[in-house]
Amino acid sequence: MSLTNRQKTLLWLLSVLYVMAAFITIEFVTQTYAERQIAAEKSTVYDRLSLVRSRLESAIFMDTYLADSLATVVTIDPNFAMNNWEAIGSKLLNKAMFVRNVGIAPNNVISHTYPLKGNEKAIGFDFRTNPDQFRTVELARKLQTVYIAGPLELVQGGQAIIARYPIFADYPLNKQYWGCVSVVMDFPKLLKATGVLDIDGARIAIIKHDAANPTGDIIYGDEATHQNANVSMTVKLPNGEWLINAIYEIDKAEHVLMTHATIRIMGGVAAVLTYIVLMLLYRHYRYVHTASMQDELTQLPNRRMVMQLLERLVHDVTINKRTFAILNIDLNGFKKVNDELGHHVGDELLKHIAQQLRLQVRADDTVARMGGDEFIVVLHNVRPTTDIAALVDKLKRKVEEQPLHWNGHRIEPSLSIGFALYHDADVSIKDLLKHADTDMYSAKKRHKAAQTTNSSNASLL
């Protein structure tokens with residue numbers, strides 16, 4: 001039976017509508033998919049930037065604090081340091097990553113440098129003859145602690161950042177200035193090794209903020225990147241910080257064309273829709289899975305992820321005879337902060353503690369939030385001879401030395417830390433956590449007892 005003209009017309013209209021709907025659907029799905037791909041690439045670039053930030057911070061802190069021992073030796077006995085300069089300088093450079101040379105400058109005139117080869121021009125250099133360098137030496141003297149200067153052009157050639165250590169003859173009064181120790185770190189080498197020069201998908205600028213540069217100076221990149229940045233990250237340094245500003249450079253048109261080609265190859269609306277649905281389901285699964293392993297407030301691993309990690313570590317101990325330790329950390333007086341300043345300030349304190357803990361442990365250690373004001377640190381590959389108590393004391397001191405400043409309030413954190421060392425395959429994770437928990441509560445009792453004693457002494461006075 002042949003179709004009537006009216007039916008043919010209706011069928012033709014429906015066919016046209018179907019083609020239009022299919023075309024619109026394809027374009028909509030294509031654009032949606034392309035935008036998701038761009039967002040995913042931005043996320044990947046952001047992760048790369050985060051890694052670069054972490055590497056920069058870690059590298060500078062490591063070389064700076066390695067050199068701190070040199071400044072200590074010079075402070076205690078300058079003559080001994082200069083008489084044994086070759087041995088001291090050699091040992092420091094062997095351990096450092098980016099230090100190219102170190103020098104001593106009594107009365108701000110360089111008398112010793114190591115290695116001497118290639119740095120001969122530095123001998124006899126008077127910082128007072130170079131306003132840029134003398135300004136950084138003077139700033140270190142006024143701060144009475146290390147100051148990260150630069151990047152500066154060196155008299156012996158090259159560009160470097162310099163850790164200036166002021167030396168005083170009457171330490172700790174610090175009234176009689178003796179001179180300074182300079183630890184020179186190769187700036188181009190630092191940028192290359194930490195990945196600054198190799199970031200794909202972004203153009204970056206690094207801005208230095210410190211006592212000498214309160215408004216910020218661009219030390220890498222250009223002004224346009226600084227002013228139009230899509231993302232910013234802070235690199236914390238001794239007595240200052242660097243700001244990494246970045247602009248994404250991702251070609252949207254290229255992704256759209258690739259998506260169109262993929263859809264056409266798949267051969268139709270149904271295949272495209274199926275593919276997109278599967279991709280969305282997969283992305284949703286990954287997102288939910290990641291969220292279930294991460295603390296929403298601090299972005300640290302949560303209890304579930306820590307328990308899985310401990311199970312893997314126990315397995316490694318059994319097979320590879322590796323030892324690990326767990327630190328159970330609780331905030332003292334956290335309820336008082338919530339009650340007096342509000343829960344939003346309590347949340348900021350938790351994020352502050354999380355950041356400080358991450359800064360103070362090794363890159364391969366794990367910091368997690370177990371819930372409330374309780375954190376846990378897993379120290380991987382701990383030697384049986386390691387003094388865990390000393391590490392705990394150092395971690396506690398370092399974190400407590402960093403107060404949280406919030407709307408005029410200075411909140412000084414206080415931690416109670418208990419620990420347990422795992423080296424016996426017969427001990428369960430539950431028993432290990434219980435031991436660390438018991439040790440932590442003992443530390444908390446000692447803290448409360450100390451507070452009570454201090455309060456009683458104050459009342460007697």
# chains A, B, ... in the order shown; residues from 1 in each chain; ligands from 1
$ residues_around --residues "stretch 142-146 of chain A" --least-positions-apart "6" --cutoff "12 Å" --atoms "only C-alpha atoms" --output "ChimeraX atom specification"
/A:61,64-65,67-72,135-136,162-168,171-183,210-212,237-240
$ write_last_selection --atoms "N, CA, C and O atoms" --output "compact mmCIF listing (two decimals), in the first residue's frame"
# COMPACT_ATOMS: atom_id res chain seq x y z
N PHE A 61 64.29 24.37 51.31
CA PHE A 61 64.36 24.14 52.75
C PHE A 61 65.49 23.16 53.08
O PHE A 61 66.22 23.36 54.06
N THR A 64 68.87 24.87 52.60
CA THR A 64 69.01 25.96 53.57
C THR A 64 69.34 25.43 54.95
O THR A 64 70.25 25.90 55.63
N TYR A 65 68.62 24.41 55.38
CA TYR A 65 68.84 23.90 56.73
C TYR A 65 70.07 23.00 56.82
O TYR A 65 70.63 22.83 57.90
N ALA A 67 72.78 23.96 55.35
CA ALA A 67 73.78 25.01 55.52
C ALA A 67 73.71 25.66 56.89
O ALA A 67 74.65 26.32 57.33
N ASP A 68 72.60 25.48 57.60
CA ASP A 68 72.47 26.05 58.93
C ASP A 68 73.56 25.52 59.86
O ASP A 68 74.02 26.23 60.76
N SER A 69 73.97 24.27 59.66
CA SER A 69 75.03 23.69 60.49
C SER A 69 76.35 24.43 60.28
O SER A 69 77.14 24.59 61.21
N LEU A 70 76.60 24.87 59.04
CA LEU A 70 77.81 25.64 58.76
C LEU A 70 77.80 26.95 59.53
O LEU A 70 78.80 27.34 60.15
N ALA A 71 76.67 27.64 59.52
CA ALA A 71 76.57 28.90 60.24
C ALA A 71 76.77 28.69 61.74
O ALA A 71 77.37 29.52 62.42
N THR A 72 76.28 27.56 62.24
CA THR A 72 76.44 27.25 63.66
C THR A 72 77.92 27.07 64.00
O THR A 72 78.41 27.57 65.01
N ARG A 135 72.55 45.01 50.42
CA ARG A 135 71.20 45.17 50.98
C ARG A 135 70.70 43.86 51.59
O ARG A 135 70.10 43.83 52.67
N THR A 136 71.00 42.72 50.92
CA THR A 136 70.54 41.43 51.45
C THR A 136 71.34 41.02 52.68
O THR A 136 70.81 40.40 53.60
N ILE A 162 70.71 33.05 47.28
CA ILE A 162 71.75 32.96 48.31
C ILE A 162 71.11 33.00 49.68
O ILE A 162 70.34 33.91 49.99
N ALA A 163 71.44 31.99 50.49
CA ALA A 163 71.01 31.99 51.89
C ALA A 163 72.06 32.73 52.70
O ALA A 163 73.21 32.30 52.81
N ARG A 164 71.68 33.90 53.22
CA ARG A 164 72.59 34.72 54.02
C ARG A 164 72.40 34.39 55.51
O ARG A 164 71.30 34.48 56.03
N TYR A 165 73.48 34.00 56.16
CA TYR A 165 73.45 33.73 57.60
C TYR A 165 74.29 34.78 58.32
O TYR A 165 75.51 34.82 58.15
N PRO A 166 73.69 35.67 59.14
CA PRO A 166 74.49 36.63 59.89
C PRO A 166 75.22 35.94 61.04
O PRO A 166 74.66 35.05 61.69
N ILE A 167 76.45 36.29 61.28
CA ILE A 167 77.25 35.72 62.37
C ILE A 167 77.54 36.84 63.39
O ILE A 167 77.98 37.93 63.02
N PHE A 168 77.27 36.52 64.66
CA PHE A 168 77.50 37.48 65.74
C PHE A 168 78.53 36.90 66.71
O PHE A 168 78.49 35.72 67.05
N TYR A 171 76.79 35.79 70.38
CA TYR A 171 75.55 35.02 70.39
C TYR A 171 75.27 34.49 71.80
O TYR A 171 76.18 34.06 72.50
N PRO A 172 74.03 34.55 72.34
CA PRO A 172 72.78 34.92 71.63
C PRO A 172 72.37 36.38 71.75
O PRO A 172 71.24 36.73 71.41
N LEU A 173 73.24 37.26 72.33
CA LEU A 173 72.86 38.67 72.46
C LEU A 173 72.76 39.34 71.09
O LEU A 173 71.93 40.22 70.87
N ASN A 174 73.65 38.92 70.17
CA ASN A 174 73.60 39.40 68.79
C ASN A 174 73.73 40.92 68.68
O ASN A 174 73.01 41.58 67.93
N LYS A 175 74.69 41.44 69.45
CA LYS A 175 74.95 42.88 69.37
C LYS A 175 76.23 43.18 68.58
O LYS A 175 76.37 44.26 68.01
N GLN A 176 77.16 42.22 68.58
CA GLN A 176 78.44 42.41 67.91
C GLN A 176 78.46 41.62 66.60
O GLN A 176 78.66 40.41 66.60
N TYR A 177 78.22 42.31 65.50
CA TYR A 177 78.18 41.66 64.19
C TYR A 177 79.59 41.30 63.74
O TYR A 177 80.49 42.15 63.70
N TRP A 178 79.82 40.03 63.41
CA TRP A 178 81.13 39.54 63.00
C TRP A 178 81.29 39.51 61.47
O TRP A 178 82.33 39.82 60.93
N GLY A 179 80.22 39.10 60.81
CA GLY A 179 80.26 38.94 59.36
C GLY A 179 79.12 38.04 58.93
O GLY A 179 78.09 37.96 59.61
N CYS A 180 79.29 37.34 57.83
CA CYS A 180 78.20 36.49 57.36
C CYS A 180 78.73 35.25 56.65
O CYS A 180 79.89 35.20 56.23
N VAL A 181 77.85 34.27 56.57
CA VAL A 181 78.08 33.07 55.78
C VAL A 181 77.09 33.09 54.62
O VAL A 181 75.89 33.34 54.84
N SER A 182 77.57 32.84 53.43
CA SER A 182 76.70 32.82 52.25
C SER A 182 76.69 31.43 51.64
O SER A 182 77.74 30.85 51.39
N VAL A 183 75.48 30.92 51.43
CA VAL A 183 75.30 29.61 50.80
C VAL A 183 74.63 29.85 49.44
O VAL A 183 73.48 30.27 49.38
N ASP A 210 58.93 39.01 50.55
CA ASP A 210 59.60 38.90 51.84
C ASP A 210 59.74 40.30 52.42
O ASP A 210 59.14 41.27 51.92
N ALA A 211 60.54 40.43 53.49
CA ALA A 211 60.68 41.73 54.15
C ALA A 211 61.23 42.79 53.23
O ALA A 211 60.91 43.97 53.35
N ALA A 212 62.09 42.38 52.28
CA ALA A 212 62.67 43.34 51.35
C ALA A 212 61.80 43.58 50.13
O ALA A 212 62.01 44.54 49.40
N LEU A 237 58.91 29.77 52.39
CA LEU A 237 60.36 29.76 52.55
C LEU A 237 60.72 30.42 53.88
O LEU A 237 59.89 31.13 54.46
N PRO A 238 61.95 30.23 54.36
CA PRO A 238 62.36 30.93 55.58
C PRO A 238 62.27 32.44 55.38
O PRO A 238 62.86 32.99 54.46
N ASN A 239 61.51 33.12 56.24
CA ASN A 239 61.38 34.58 56.23
C ASN A 239 60.83 35.11 54.90
O ASN A 239 61.24 36.17 54.43
N GLY A 240 59.94 34.36 54.28
CA GLY A 240 59.35 34.86 53.04
C GLY A 240 58.61 33.76 52.30
O GLY A 240 58.44 32.65 52.81
$ select_by_dssp --residues "stretch 280-398 of chain A" --states "strand (DSSP E)" --output "list in words"
Phe324, Ala325, Ile326, Leu327, Asn328, Ile329, Asp330, Leu331, Thr366, Val367, Ala368, Arg369, Met370, Gly371, Glu374, Phe375, Ile376, Val377, Val378 and Leu379 of chain A
$ write_last_selection --atoms "N, CA, C and O atoms" --output "PDB file, in the first residue's frame"
ATOM      1  N   PHE A 324      57.685   0.244  60.163  1.00  0.00           N
ATOM      2  CA  PHE A 324      57.064   1.560  60.084  1.00  0.00           C
ATOM      3  C   PHE A 324      56.554   1.962  61.466  1.00  0.00           C
ATOM      4  O   PHE A 324      56.455   1.131  62.379  1.00  0.00           O
ATOM      5  N   ALA A 325      56.263   3.247  61.606  1.00  0.00           N
ATOM      6  CA  ALA A 325      55.752   3.762  62.884  1.00  0.00           C
ATOM      7  C   ALA A 325      54.522   4.607  62.611  1.00  0.00           C
ATOM      8  O   ALA A 325      54.367   5.191  61.531  1.00  0.00           O
ATOM      9  N   ILE A 326      53.624   4.652  63.597  1.00  0.00           N
ATOM     10  CA  ILE A 326      52.457   5.520  63.493  1.00  0.00           C
ATOM     11  C   ILE A 326      52.471   6.495  64.660  1.00  0.00           C
ATOM     12  O   ILE A 326      52.822   6.136  65.785  1.00  0.00           O
ATOM     13  N   LEU A 327      52.123   7.741  64.360  1.00  0.00           N
ATOM     14  CA  LEU A 327      52.012   8.781  65.374  1.00  0.00           C
ATOM     15  C   LEU A 327      50.545   9.170  65.486  1.00  0.00           C
ATOM     16  O   LEU A 327      49.923   9.566  64.499  1.00  0.00           O
ATOM     17  N   ASN A 328      49.998   9.051  66.687  1.00  0.00           N
ATOM     18  CA  ASN A 328      48.614   9.443  66.939  1.00  0.00           C
ATOM     19  C   ASN A 328      48.637  10.842  67.536  1.00  0.00           C
ATOM     20  O   ASN A 328      49.223  11.064  68.600  1.00  0.00           O
ATOM     21  N   ILE A 329      47.999  11.795  66.855  1.00  0.00           N
ATOM     22  CA  ILE A 329      48.111  13.213  67.215  1.00  0.00           C
ATOM     23  C   ILE A 329      46.736  13.768  67.557  1.00  0.00           C
ATOM     24  O   ILE A 329      45.777  13.581  66.799  1.00  0.00           O
ATOM     25  N   ASP A 330      46.666  14.448  68.694  1.00  0.00           N
ATOM     26  CA  ASP A 330      45.414  15.059  69.135  1.00  0.00           C
ATOM     27  C   ASP A 330      45.689  16.512  69.507  1.00  0.00           C
ATOM     28  O   ASP A 330      46.727  16.838  70.089  1.00  0.00           O
ATOM     29  N   LEU A 331      44.749  17.423  69.163  1.00  0.00           N
ATOM     30  CA  LEU A 331      44.909  18.837  69.475  1.00  0.00           C
ATOM     31  C   LEU A 331      44.443  19.103  70.901  1.00  0.00           C
ATOM     32  O   LEU A 331      43.335  18.698  71.281  1.00  0.00           O
ATOM     33  N   THR A 366      53.005   9.591  55.353  1.00  0.00           N
ATOM     34  CA  THR A 366      51.584   9.844  55.141  1.00  0.00           C
ATOM     35  C   THR A 366      50.997  10.586  56.330  1.00  0.00           C
ATOM     36  O   THR A 366      51.171  10.165  57.478  1.00  0.00           O
ATOM     37  N   VAL A 367      50.310  11.706  56.036  1.00  0.00           N
ATOM     38  CA  VAL A 367      49.572  12.446  57.064  1.00  0.00           C
ATOM     39  C   VAL A 367      48.086  12.291  56.758  1.00  0.00           C
ATOM     40  O   VAL A 367      47.652  12.504  55.625  1.00  0.00           O
ATOM     41  N   ALA A 368      47.297  11.909  57.761  1.00  0.00           N
ATOM     42  CA  ALA A 368      45.867  11.676  57.552  1.00  0.00           C
ATOM     43  C   ALA A 368      45.076  12.252  58.719  1.00  0.00           C
ATOM     44  O   ALA A 368      45.597  12.453  59.821  1.00  0.00           O
ATOM     45  N   ARG A 369      43.804  12.528  58.436  1.00  0.00           N
ATOM     46  CA  ARG A 369      42.891  12.961  59.504  1.00  0.00           C
ATOM     47  C   ARG A 369      41.950  11.803  59.811  1.00  0.00           C
ATOM     48  O   ARG A 369      41.233  11.319  58.941  1.00  0.00           O
ATOM     49  N   MET A 370      41.954  11.396  61.081  1.00  0.00           N
ATOM     50  CA  MET A 370      41.133  10.259  61.493  1.00  0.00           C
ATOM     51  C   MET A 370      39.713  10.676  61.858  1.00  0.00           C
ATOM     52  O   MET A 370      38.818   9.860  61.959  1.00  0.00           O
ATOM     53  N   GLY A 371      39.512  11.968  62.091  1.00  0.00           N
ATOM     54  CA  GLY A 371      38.201  12.469  62.478  1.00  0.00           C
ATOM     55  C   GLY A 371      38.330  13.456  63.616  1.00  0.00           C
ATOM     56  O   GLY A 371      39.251  13.381  64.425  1.00  0.00           O
ATOM     57  N   GLU A 374      41.666  14.696  65.554  1.00  0.00           N
ATOM     58  CA  GLU A 374      42.654  13.628  65.648  1.00  0.00           C
ATOM     59  C   GLU A 374      43.292  13.384  64.283  1.00  0.00           C
ATOM     60  O   GLU A 374      42.613  13.205  63.273  1.00  0.00           O
ATOM     61  N   PHE A 375      44.627  13.402  64.272  1.00  0.00           N
ATOM     62  CA  PHE A 375      45.399  13.131  63.067  1.00  0.00           C
ATOM     63  C   PHE A 375      46.281  11.904  63.311  1.00  0.00           C
ATOM     64  O   PHE A 375      46.546  11.526  64.455  1.00  0.00           O
ATOM     65  N   ILE A 376      46.754  11.334  62.219  1.00  0.00           N
ATOM     66  CA  ILE A 376      47.702  10.230  62.317  1.00  0.00           C
ATOM     67  C   ILE A 376      48.780  10.427  61.261  1.00  0.00           C
ATOM     68  O   ILE A 376      48.498  10.898  60.155  1.00  0.00           O
ATOM     69  N   VAL A 377      50.019  10.151  61.640  1.00  0.00           N
ATOM     70  CA  VAL A 377      51.147  10.211  60.713  1.00  0.00           C
ATOM     71  C   VAL A 377      51.761   8.822  60.631  1.00  0.00           C
ATOM     72  O   VAL A 377      52.056   8.208  61.662  1.00  0.00           O
ATOM     73  N   VAL A 378      51.931   8.330  59.412  1.00  0.00           N
ATOM     74  CA  VAL A 378      52.567   7.031  59.198  1.00  0.00           C
ATOM     75  C   VAL A 378      53.975   7.297  58.664  1.00  0.00           C
ATOM     76  O   VAL A 378      54.147   7.883  57.593  1.00  0.00           O
ATOM     77  N   LEU A 379      54.969   6.895  59.441  1.00  0.00           N
ATOM     78  CA  LEU A 379      56.368   7.053  59.038  1.00  0.00           C
ATOM     79  C   LEU A 379      56.825   5.761  58.357  1.00  0.00           C
ATOM     80  O   LEU A 379      56.921   4.717  58.997  1.00  0.00           O
TER      81      LEU A 379
END
$ select_by_dssp --residues "stretch 123-275 of chain A" --states "helix (DSSP H, G or I)" --output "PyMOL selection string"
chain A and resi 127-129+131-143+187-193+196-198+223-227+252-266+269-275
$ write_last_selection --atoms "C-alpha atoms" --output "compact mmCIF listing (two decimals), in the first residue's frame"
# COMPACT_ATOMS: atom_id res chain seq x y z
CA PHE A 127 79.61 43.31 49.78
CA ARG A 128 79.52 47.03 50.48
CA THR A 129 80.70 47.70 46.93
CA PRO A 131 74.33 47.74 46.68
CA ASP A 132 72.08 44.83 45.69
CA GLN A 133 74.12 42.22 47.55
CA PHE A 134 74.91 44.47 50.52
CA ARG A 135 71.20 45.17 50.98
CA THR A 136 70.54 41.43 51.45
CA VAL A 137 73.46 41.06 53.88
CA GLU A 138 72.17 43.96 55.94
CA LEU A 139 68.65 42.54 55.93
CA ALA A 140 69.95 39.20 57.27
CA ARG A 141 71.85 41.09 59.99
CA LYS A 142 68.71 43.00 61.01
CA LEU A 143 66.57 39.85 60.97
CA PHE A 187 69.00 29.12 40.47
CA PRO A 188 68.77 27.78 36.85
CA LYS A 189 69.63 24.28 38.09
CA LEU A 190 66.96 24.55 40.80
CA LEU A 191 64.31 25.59 38.25
CA LYS A 192 65.19 22.75 35.89
CA ALA A 193 65.42 20.02 38.54
CA VAL A 196 59.58 24.69 36.51
CA LEU A 197 61.03 24.72 32.99
CA ASP A 198 59.14 21.64 31.80
CA GLU A 223 54.27 40.54 34.21
CA ALA A 224 51.40 39.46 31.93
CA THR A 225 51.41 35.94 33.41
CA HIS A 226 51.50 37.38 36.91
CA GLN A 227 48.57 39.74 36.30
CA LYS A 252 40.15 24.10 22.89
CA ALA A 253 39.64 23.96 19.10
CA GLU A 254 42.00 21.00 18.80
CA HIS A 255 40.04 19.02 21.38
CA VAL A 256 36.72 19.80 19.72
CA LEU A 257 37.98 18.50 16.36
CA MET A 258 39.34 15.34 17.94
CA THR A 259 35.99 14.72 19.64
CA HIS A 260 34.07 15.21 16.39
CA ALA A 261 36.33 12.73 14.63
CA THR A 262 35.86 10.18 17.39
CA ILE A 263 32.08 10.48 17.27
CA ARG A 264 31.94 10.15 13.46
CA ILE A 265 34.20 7.10 13.55
CA MET A 266 31.94 5.43 16.07
CA VAL A 269 24.24 8.90 17.71
CA ALA A 270 23.57 5.67 19.63
CA ALA A 271 27.26 4.69 19.77
CA VAL A 272 28.27 8.23 20.76
CA LEU A 273 25.66 8.41 23.51
CA THR A 274 26.71 5.01 24.84
CA TYR A 275 30.32 6.04 24.86
$ closest_residue --among "A:Val345, A:Leu243, A:Ala205, A:Ala40" --to "A:His405" --atoms "only C-alpha atoms"
A:Val345
$ residues_around --residues "A:Gln356" --least-positions-apart "2" --cutoff "10 Å" --atoms "only C-alpha atoms" --output "number ranges by chain"
A: 350-354, 358-361, 395, 398-402
$ atom_distance --atom1 "atom CA of A:His435" --atom2 "atom CA of A:His447"
18.5 Å
$ closest_residue --among "A:Gly408, A:Gly89, A:Gly124, A:Gly195" --to "A:Leu341" --atoms "only C-alpha atoms"
A:Gly408
$ atom_distance --atom1 "atom CA of A:Ala246" --atom2 "atom CA of A:Ala229"
5.0 Å
$ residues_around --residues "A:Met233" --least-positions-apart "2" --cutoff "7 Å" --atoms "only C-alpha atoms" --output "ChimeraX atom specification"
/A:231,235,243-245
$ write_last_selection --atoms "N, CA, C and O atoms" --output "mmCIF file, in the first residue's frame"
data_model
loop_
_atom_site.group_PDB
_atom_site.id
_atom_site.type_symbol
_atom_site.label_atom_id
_atom_site.label_comp_id
_atom_site.auth_asym_id
_atom_site.auth_seq_id
_atom_site.Cartn_x
_atom_site.Cartn_y
_atom_site.Cartn_z
ATOM 1 N N VAL A 231 45.611 30.402 38.120
ATOM 2 C CA VAL A 231 45.816 29.664 39.364
ATOM 3 C C VAL A 231 47.070 30.190 40.056
ATOM 4 O O VAL A 231 48.023 30.609 39.401
ATOM 5 N N VAL A 235 54.723 29.057 47.756
ATOM 6 C CA VAL A 235 55.892 28.281 48.194
ATOM 7 C C VAL A 235 56.424 28.938 49.459
ATOM 8 O O VAL A 235 56.928 30.060 49.430
ATOM 9 N N LEU A 243 55.390 33.090 45.176
ATOM 10 C CA LEU A 243 54.053 32.840 44.634
ATOM 11 C C LEU A 243 54.196 32.359 43.200
ATOM 12 O O LEU A 243 54.807 33.027 42.367
ATOM 13 N N ILE A 244 53.654 31.155 42.926
ATOM 14 C CA ILE A 244 53.647 30.629 41.559
ATOM 15 C C ILE A 244 52.306 30.985 40.921
ATOM 16 O O ILE A 244 51.257 30.515 41.365
ATOM 17 N N ASN A 245 52.330 31.830 39.906
ATOM 18 C CA ASN A 245 51.135 32.181 39.141
ATOM 19 C C ASN A 245 51.217 31.515 37.770
ATOM 20 O O ASN A 245 52.286 31.493 37.154
#
$ closest_residue --among "A:Thr298, A:Thr323, A:Gln37, A:Asn407" --to "A:Leu310" --atoms "only C-alpha atoms"
A:Thr323
$ atom_distance --atom1 "atom CA of A:Phe125" --atom2 "atom CA of A:Ile110"
5.4 Å
$ closest_residue --among "A:Val155, A:Ile199, A:Ala389, A:Ile417" --to "A:Tyr248" --atoms "only C-alpha atoms"
A:Ile199
$ closest_residue --among "A:Arg383, A:His344, A:His112, A:Arg55" --to "A:Met82" --atoms "only C-alpha atoms"
A:His112
$ closest_residue --among "A:Ile104, A:Ile218, A:Val337, A:Leu433" --to "A:Gly150" --atoms "only C-alpha atoms"
A:Ile218
